[in-house]
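Colleague: Below is the file query03.csv, with CSV, C-alpha atoms.
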chain,number,residue,atom,x,y,z
A,27,MET,CA,-9.2,26.8,-11.9
A,28,SER,CA,-11.9,24.7,-10.2
A,29,LYS,CA,-13.2,25.8,-6.8
A,30,TYR,CA,-12.2,22.4,-5.5
A,31,THR,CA,-8.6,22.6,-6.6
A,32,GLY,CA,-6.4,21.9,-3.6
A,33,VAL,CA,-9.4,20.6,-1.6
A,34,PRO,CA,-9.0,16.9,-0.4
A,35,CYS,CA,-11.3,14.2,-1.7
A,36,ALA,CA,-13.8,13.1,1.0
A,37,HIS,CA,-12.8,9.5,0.3
A,38,CYS,CA,-9.1,9.2,-0.4
A,39,GLY,CA,-7.9,12.5,1.0
A,40,HIS,CA,-5.8,13.4,-2.1
A,41,PRO,CA,-6.1,17.1,-3.1
A,42,PHE,CA,-8.0,17.8,-6.4
A,43,THR,CA,-6.2,19.2,-9.4
A,44,ASP,CA,-7.6,21.2,-12.3
A,45,GLN,CA,-7.7,18.0,-14.4
A,46,ASP,CA,-9.6,15.9,-11.9
A,47,ASP,CA,-13.2,14.9,-12.5
A,48,VAL,CA,-15.1,15.9,-9.4
A,49,VAL,CA,-18.5,14.7,-8.3
A,50,VAL,CA,-20.4,16.2,-5.3
A,51,CYS,CA,-22.7,14.4,-2.9
A,52,PRO,CA,-26.2,15.6,-3.6
A,53,GLU,CA,-27.1,15.4,0.1
A,54,CYS,CA,-24.2,17.1,1.9
A,55,GLY,CA,-22.1,18.6,-0.9
A,56,ALA,CA,-18.9,16.6,-0.1
A,57,PRO,CA,-16.6,16.4,-3.2
A,58,HIS,CA,-15.1,13.1,-4.5
A,59,HIS,CA,-13.0,11.9,-7.4
A,60,ARG,CA,-15.5,10.3,-9.7
A,61,SER,CA,-13.5,7.0,-9.5
A,62,CYS,CA,-13.6,7.2,-5.7
A,63,TYR,CA,-17.4,7.8,-5.6
A,64,ARG,CA,-17.9,4.9,-8.1
A,65,ASP,CA,-15.7,2.5,-6.1
A,66,LEU,CA,-17.3,3.4,-2.8
A,67,GLY,CA,-20.8,3.4,-4.2
A,68,HIS,CA,-22.0,6.2,-1.9
A,69,CYS,CA,-20.8,9.4,-0.2
A,70,ALA,CA,-17.7,8.9,2.0
A,71,LEU,CA,-19.5,10.9,4.7
A,72,GLN,CA,-22.7,8.9,4.6
A,73,GLU,CA,-22.5,8.0,8.3
A,74,GLN,CA,-22.6,11.7,9.2
A,75,HIS,CA,-25.6,12.5,7.1
A,76,ALA,CA,-28.3,14.3,9.1
A,77,PRO,CA,-30.9,17.0,8.3
A,78,ASP,CA,-28.5,19.7,9.7
A,79,PHE,CA,-25.3,18.3,8.3
A,80,SER,CA,-23.5,19.8,5.3
A,81,TRP,CA,-19.9,19.4,4.2
A,82,SER,CA,-17.4,22.2,4.7
A,83,TYR,CA,-13.7,22.6,4.2
A,84,HIS,CA,-11.3,24.9,6.0
A,85,ALA,CA,-7.9,25.2,4.4
A,86,PRO,CA,-4.9,24.6,6.7
A,87,HIS,CA,-3.5,27.8,8.2
A,88,ASP,CA,0.0,28.9,7.2
A,89,ASP,CA,1.8,29.2,10.5
A,90,SER,CA,5.2,29.7,9.0
A,91,SER,CA,5.2,33.2,10.4
A,92,GLN,CA,5.2,31.7,13.8
A,93,GLY,CA,8.2,29.5,13.0
A,94,GLU,CA,6.2,26.3,12.5
A,95,ARG,CA,7.1,24.3,9.4
A,96,THR,CA,6.6,20.9,8.1
A,97,VAL,CA,9.7,18.7,7.6
A,98,ILE,CA,9.7,15.7,5.2
A,99,CYS,CA,11.5,12.6,6.4
A,100,SER,CA,13.9,11.4,3.8
A,101,ARG,CA,13.4,7.8,4.9
A,102,CYS,CA,9.6,7.3,5.0
A,103,GLY,CA,8.2,10.5,3.4
A,104,ALA,CA,6.1,11.5,6.4
A,105,ALA,CA,5.6,15.1,7.5
A,106,THR,CA,6.8,16.2,11.0
A,107,PRO,CA,6.8,19.6,12.8
A,108,ALA,CA,10.2,21.2,12.2
A,109,GLU,CA,10.9,21.7,15.9
A,110,LEU,CA,11.0,17.9,16.5
A,111,PRO,CA,14.4,16.2,16.1
A,112,ASN,CA,13.0,12.8,14.9
A,113,CYS,CA,10.4,11.8,12.4
A,114,GLN,CA,7.1,11.3,14.3
A,115,MET,CA,6.2,8.3,12.2
A,116,CYS,CA,9.4,6.2,11.9
A,117,GLY,CA,11.7,7.8,14.4
A,118,ASN,CA,14.4,8.6,11.9
A,119,PRO,CA,16.6,11.5,12.9
A,120,LEU,CA,15.8,14.5,10.7
A,121,ARG,CA,18.8,15.8,8.8
A,122,PRO,CA,19.4,19.4,7.6
A,123,SER,CA,18.6,18.3,4.0
A,124,ASP,CA,15.2,17.1,5.2
A,125,ARG,CA,14.5,20.6,6.7
A,126,GLU,CA,15.0,22.3,3.3
A,127,ASN,CA,11.5,21.0,2.3
A,128,GLY,CA,8.7,23.4,3.0
A,129,PRO,CA,5.1,22.7,3.8
A,130,SER,CA,3.9,23.8,0.4
A,131,SER,CA,5.0,20.7,-1.4
A,132,GLU,CA,2.4,18.2,-2.6
A,133,ARG,CA,4.3,15.4,-0.8
A,134,ALA,CA,4.2,17.3,2.5
A,135,TYR,CA,0.4,17.8,2.3
A,136,ARG,CA,-0.1,14.2,1.1
A,137,TYR,CA,1.7,12.7,4.0
A,138,ALA,CA,0.8,15.2,6.7
A,139,PRO,CA,-0.4,13.4,9.8
A,140,ASP,CA,-3.5,15.7,10.0
A,141,SER,CA,-4.6,15.3,6.3
A,142,GLN,CA,-7.9,13.7,5.7
A,143,GLY,CA,-7.8,9.9,5.1
A,144,TYR,CA,-4.2,9.4,6.0
A,145,PHE,CA,-3.1,9.3,9.7
A,146,ASP,CA,-6.7,9.0,11.1
A,147,ASP,CA,-8.3,6.7,13.6
A,148,TRP,CA,-8.7,3.9,11.1
A,149,GLU,CA,-7.5,0.5,12.1
A,150,PHE,CA,-8.0,-3.1,11.1
A,151,GLN,CA,-7.6,-6.2,13.3
A,152,GLY,CA,-5.9,-4.2,16.0
A,153,VAL,CA,-3.3,-2.5,13.7
A,154,SER,CA,-3.5,1.3,13.3
A,155,ALA,CA,-3.1,3.3,10.1
A,156,ARG,CA,0.1,4.7,11.5
A,157,GLU,CA,1.6,1.2,12.0
A,158,PHE,CA,0.6,0.2,8.5
A,159,SER,CA,2.2,3.4,7.2
A,160,ALA,CA,5.5,2.8,9.1
A,161,TYR,CA,5.6,-0.8,7.9
A,162,THR,CA,5.0,0.0,4.2
A,163,GLY,CA,7.5,2.9,4.2
A,164,GLY,CA,7.8,5.2,1.2
A,165,SER,CA,4.8,3.5,-0.5
A,166,SER,CA,2.5,4.0,2.5
A,167,TYR,CA,0.2,6.4,0.8
A,168,TYR,CA,-0.6,3.9,-1.9
A,169,PHE,CA,-0.8,0.8,0.3
A,170,LEU,CA,-2.9,2.4,3.1
A,171,ASN,CA,-5.5,3.5,0.5
A,172,GLN,CA,-5.5,0.0,-1.0
A,173,PHE,CA,-5.8,-1.6,2.4
A,174,LYS,CA,-8.8,0.7,3.3
A,175,ARG,CA,-10.6,-0.2,0.1
A,176,LEU,CA,-10.1,-3.9,0.6
A,177,VAL,CA,-11.4,-3.7,4.1
A,178,ARG,CA,-14.4,-1.5,3.2
A,179,SER,CA,-15.4,-3.7,0.3
A,180,HIS,CA,-14.9,-6.9,2.3
A,181,GLY,CA,-13.0,-8.2,-0.8
A,182,ASN,CA,-9.7,-9.7,-1.8
A,183,ILE,CA,-9.1,-8.0,-5.2
A,184,SER,CA,-7.0,-4.8,-5.6
A,185,TRP,CA,-4.9,-4.4,-8.7
A,186,ASN,CA,-1.1,-4.1,-8.3
A,187,TRP,CA,0.8,-3.4,-11.5
A,188,PRO,CA,4.4,-4.2,-10.2
A,189,ALA,CA,3.2,-7.6,-9.0
A,190,PHE,CA,1.6,-8.3,-12.4
A,191,LEU,CA,4.6,-7.2,-14.4
A,192,PHE,CA,7.5,-8.6,-12.3
A,193,GLY,CA,6.0,-11.6,-10.5
A,194,PHE,CA,8.3,-13.4,-8.0
A,195,PRO,CA,11.0,-10.6,-7.9
A,196,TYR,CA,8.3,-8.2,-6.6
A,197,PHE,CA,7.3,-10.6,-3.8
A,198,PHE,CA,10.9,-11.0,-2.8
A,199,TYR,CA,11.3,-7.2,-2.9
A,200,ARG,CA,8.4,-6.8,-0.6
A,201,ARG,CA,9.7,-9.6,1.7
A,202,MET,CA,6.8,-12.0,0.9
A,203,TYR,CA,9.4,-14.8,0.6
A,204,ARG,CA,7.0,-17.7,0.8
A,205,PHE,CA,4.9,-16.6,-2.2
A,206,GLY,CA,8.1,-15.5,-4.0
A,207,LEU,CA,9.6,-19.0,-3.6
A,208,LEU,CA,6.4,-20.6,-4.9
A,209,LEU,CA,6.3,-18.4,-7.9
A,210,LEU,CA,10.0,-19.0,-8.6
A,211,LEU,CA,9.4,-22.8,-8.4
A,212,TRP,CA,6.5,-22.4,-10.9
A,213,GLU,CA,8.6,-20.4,-13.3
A,214,PHE,CA,11.3,-23.1,-13.2
A,215,LEU,CA,8.8,-25.9,-13.8
A,216,ALA,CA,7.3,-23.8,-16.7
A,217,VAL,CA,10.5,-23.5,-18.6
A,218,LEU,CA,11.8,-27.1,-17.8
A,219,PRO,CA,10.2,-28.7,-20.9
A,220,THR,CA,11.8,-26.1,-23.2
A,221,MET,CA,15.2,-26.4,-21.5
A,222,ALA,CA,15.0,-30.2,-22.0
A,223,CYS,CA,14.8,-29.8,-25.8
A,224,PHE,CA,18.2,-28.1,-25.8
A,225,ILE,CA,19.9,-30.7,-23.5
A,226,VAL,CA,18.3,-34.1,-24.2
A,227,GLY,CA,19.6,-35.8,-27.4
A,228,PRO,CA,19.7,-36.3,-30.2
A,229,LEU,CA,20.3,-32.6,-30.9
A,230,ASP,CA,19.6,-32.9,-34.6
A,231,ASP,CA,18.7,-29.3,-35.6
A,232,ASN,CA,19.9,-25.7,-35.0
A,233,ILE,CA,18.4,-22.4,-34.2
A,234,THR,CA,20.2,-19.1,-34.7
A,235,LEU,CA,19.9,-16.6,-31.8
A,236,TYR,CA,22.0,-13.4,-31.3
A,237,GLY,CA,24.6,-14.6,-33.8
A,238,MET,CA,24.9,-18.0,-32.1
A,239,GLN,CA,23.8,-21.4,-33.4
A,240,ILE,CA,22.1,-23.5,-30.7
A,241,ALA,CA,21.4,-27.2,-31.2
A,242,TYR,CA,18.1,-28.7,-30.1
A,243,ASN,CA,16.1,-31.8,-30.3
A,244,ALA,CA,13.5,-31.1,-33.0
A,245,GLN,CA,11.4,-34.2,-32.4
A,246,LEU,CA,11.1,-33.5,-28.7
A,247,LEU,CA,10.3,-29.8,-29.3
A,248,SER,CA,7.5,-30.7,-31.6
A,249,GLN,CA,6.1,-33.1,-29.0
A,250,PHE,CA,6.1,-30.3,-26.5
A,251,SER,CA,4.5,-27.7,-28.7
A,252,ILE,CA,0.9,-28.2,-27.3
A,253,LEU,CA,2.3,-28.4,-23.8
A,254,GLY,CA,4.2,-25.1,-24.4
A,255,ASP,CA,1.0,-23.4,-25.5
A,256,ILE,CA,-0.8,-24.6,-22.3
A,257,ILE,CA,2.1,-23.5,-20.1
A,258,GLY,CA,2.1,-20.1,-21.8
A,259,MET,CA,-1.6,-19.5,-21.0
A,260,LEU,CA,-1.0,-20.7,-17.5
A,261,ARG,CA,1.8,-18.2,-17.0
A,262,TRP,CA,-0.4,-15.4,-18.1
A,263,GLY,CA,-3.0,-16.6,-15.6
A,264,VAL,CA,-0.5,-16.6,-12.8
A,265,MET,CA,0.6,-13.1,-13.7
A,266,ILE,CA,-3.0,-11.9,-13.5
A,267,LEU,CA,-3.5,-13.6,-10.2
A,268,CYS,CA,-0.4,-11.9,-8.8
A,269,GLY,CA,-1.7,-8.5,-9.9
A,270,LEU,CA,-5.2,-9.2,-8.4
A,271,PHE,CA,-4.2,-10.6,-5.0
A,272,ALA,CA,-0.7,-9.2,-4.1
A,273,ASN,CA,-2.2,-6.3,-2.1
A,274,LYS,CA,-4.4,-8.6,-0.1
A,275,LEU,CA,-1.4,-10.9,0.6
A,276,TYR,CA,0.7,-8.0,1.6
A,277,LEU,CA,-2.1,-6.7,4.0
A,278,ARG,CA,-2.2,-10.1,5.7
A,279,GLN,CA,1.6,-10.2,6.1
A,280,ALA,CA,1.7,-6.7,7.5
A,281,ILE,CA,-1.0,-7.5,10.1
A,282,ARG,CA,0.8,-10.7,11.1
A,283,GLN,CA,4.3,-9.2,11.4
A,284,ILE,CA,3.2,-6.0,13.1
A,285,LYS,CA,1.3,-7.9,15.8
A,286,ARG,CA,4.1,-10.3,16.4
A,287,PHE,CA,6.7,-7.5,16.6
A,288,ARG,CA,4.5,-5.5,19.0
A,289,GLU,CA,4.1,-8.6,21.3
A,290,GLU,CA,7.8,-9.4,21.3
A,291,HIS,CA,9.2,-5.9,21.6
A,292,GLY,CA,6.5,-3.6,22.9
A,293,VAL,CA,5.9,0.0,21.9
A,294,ASP,CA,8.8,2.4,22.7
A,295,SER,CA,10.3,5.6,21.3
A,296,GLN,CA,11.8,3.6,18.4
A,297,TYR,CA,8.7,1.5,17.7
A,298,TYR,CA,7.7,3.1,14.4
A,299,TYR,CA,11.3,3.3,13.2
A,300,SER,CA,11.7,-0.4,13.9
A,301,LEU,CA,8.5,-1.1,12.0
A,302,ALA,CA,9.9,0.8,9.1
A,303,MET,CA,13.0,-1.3,9.2
A,304,LEU,CA,11.0,-4.5,9.5
A,305,GLY,CA,8.9,-3.8,6.4
A,306,ARG,CA,11.3,-1.9,4.2
A,307,PRO,CA,11.8,-3.4,0.7
A,308,ASN,CA,14.7,-5.8,0.2
A,309,PRO,CA,16.7,-4.8,-2.9
A,310,LEU,CA,19.4,-7.3,-1.9
A,311,ALA,CA,17.0,-10.2,-2.7
A,312,ILE,CA,16.6,-8.8,-6.2
A,313,ALA,CA,20.4,-8.6,-6.6
A,314,LEU,CA,20.8,-12.2,-5.4
A,315,LEU,CA,18.1,-13.4,-7.8
A,316,PHE,CA,19.9,-11.7,-10.8
A,317,ALA,CA,23.2,-13.2,-9.7
A,318,ALA,CA,21.6,-16.7,-9.5
A,319,PHE,CA,20.0,-16.2,-12.9
A,320,PHE,CA,23.3,-15.3,-14.6
A,321,ILE,CA,25.1,-18.2,-12.8
A,322,GLY,CA,22.3,-20.6,-13.8
A,323,SER,CA,22.4,-19.3,-17.4
A,324,GLY,CA,26.2,-19.9,-17.5
A,325,LEU,CA,25.8,-23.5,-16.2
A,326,LEU,CA,23.1,-24.2,-18.7
A,327,GLY,CA,25.1,-22.8,-21.6
A,328,SER,CA,28.0,-25.0,-20.7
A,329,VAL,CA,25.9,-28.2,-21.3
A,330,MET,CA,24.3,-26.8,-24.5
A,331,GLN,CA,25.8,-27.1,-27.9
A,332,ILE,CA,26.4,-23.5,-28.9
A,333,THR,CA,28.6,-22.4,-31.8
A,334,PRO,CA,29.1,-18.9,-33.3
A,335,VAL,CA,27.7,-18.2,-36.7
A,336,VAL,CA,30.5,-17.6,-39.2
Output the structure of this file as structure tokens.
Modeller:
Amino acid sequence: MSKYTGVPCAHCGHPFTDQDDVVVCPECGAPHHRSCYRDLGHCALQEQHAPDFSWSYHAPHDDSSQGERTVICSRCGAATPAELPNCQMCGNPLRPSDRENGPSSERAYRYAPDSQGYFDDWEFQGVSAREFSAYTGGSSYYFLNQFKRLVRSHGNISWNWPAFLFGFPYFFYRRMYRFGLLLLLWEFLAVLPTMACFIVGPLDDNITLYGMQIAYNAQLLSQFSILGDIIGMLRWGVMILCGLFANKLYLRQAIRQIKRFREEHGVDSQYYYSLAMLGRPNPLAIALLFAAFFIGSGLLGSVMQITPVV
């Protein structure tokens, strides 16, 4: 076991495991994940460096003997002292099932309000880390770290795998409807030439797919072959752009909506709960998209010449 196992990284605040590659600042001794140190380019505590400064870590005391426990909110994943009736981040009433979680779990430490790099004094454009965390909900640990990296690097690029893989459904899921609609329109335009080959006559050839023969316009399809290759490369490009810039777009939306909500409703006892409701993912949008896809596929199939293979 490494002497740093369980100690939080000076940059991201995530505890080290036995498998982590740890690098130590040569000036103050603060430990970092190698990837964190490389991304930051210097020690996370550089501003504190002084001739008499050296890093030190004091493990949290176990106060369970005094009746103090950490309770994990089932809605947003934040940690709250067990004696409080509501989650101190989103305001959600804590249920008995929430109180079964003890403070020793990794999630309790990761989301604890006093853990390094999470609920701290960091803010951006007037929005605090706690407000960002409430808005992003169960994914707040990931998004808050991505937001911090974007701000510190003064950049726009931060990779997001779900946005790359799923495209417009991901943007709808995260309530970024404007970008979702633009991507949906692009996808429709991208497949329009291929769809035309199966609708516009003369349908003089057939292709077998899943035991069905589908008639298509062979001459039109050959004319669109080069266009299809170009569209295919453009679709890959759009996917990469989604992966690169989704977090930046989400950061901008979070700032805009949090500020507007604060101005319109003020800060009260239910403020963080309301932010969690404002920013929570929208699975209904995904269900509606799938329903629209199946309905559209059925309508398209009704105008195509499809016959079973005997």
Colleague: From the options A:Ser165, A:Asn186, A:Ser295, A:Gln245, which residue's atoms come nearest to A:Ile266, counting all atoms listed in the file?
Modeller: A:Asn186
Colleague: Kindly give the distance, in Å, that separates atom CA of A:Ile284 and atom CA of A:Cys268, rounded to a single decimal.
Modeller: 23.0 Å
Colleague: May I have the residues within 6 Å of A:Gly206 as a PyMOL selection string, using all atoms listed in the file and disregarding those fewer than 5 positions away in the same chain?
Modeller: chain A and resi 194+197-198
Colleague: When distances are computed from all atoms listed in the file, which of A:Ser179, A:Asn171, A:Thr162, A:Thr31 shows the smallest separation from A:Asp65?
Modeller: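 Residue with the minimum atom-to-atom distance to A:Asp65: A:Ser179.
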Colleague: Here is a test: counting all atoms listed in the file, which residue of A:Asn273, A:Pro34, A:Gln331, A:Leu315 is nearest to A:Pro228?
Modeller: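 Of the candidates, the smallest distance to A:Pro228 is held by A:Gln331.
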Colleague: Would you work out the distance separating atom CA of A:Pro307 from atom CA of A:Ala216, expressed in Å to one decimal?
Modeller: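 Computing the Euclidean distance for atom CA of A:Pro307 and atom CA of A:Ala216 yields 27.2 Å.
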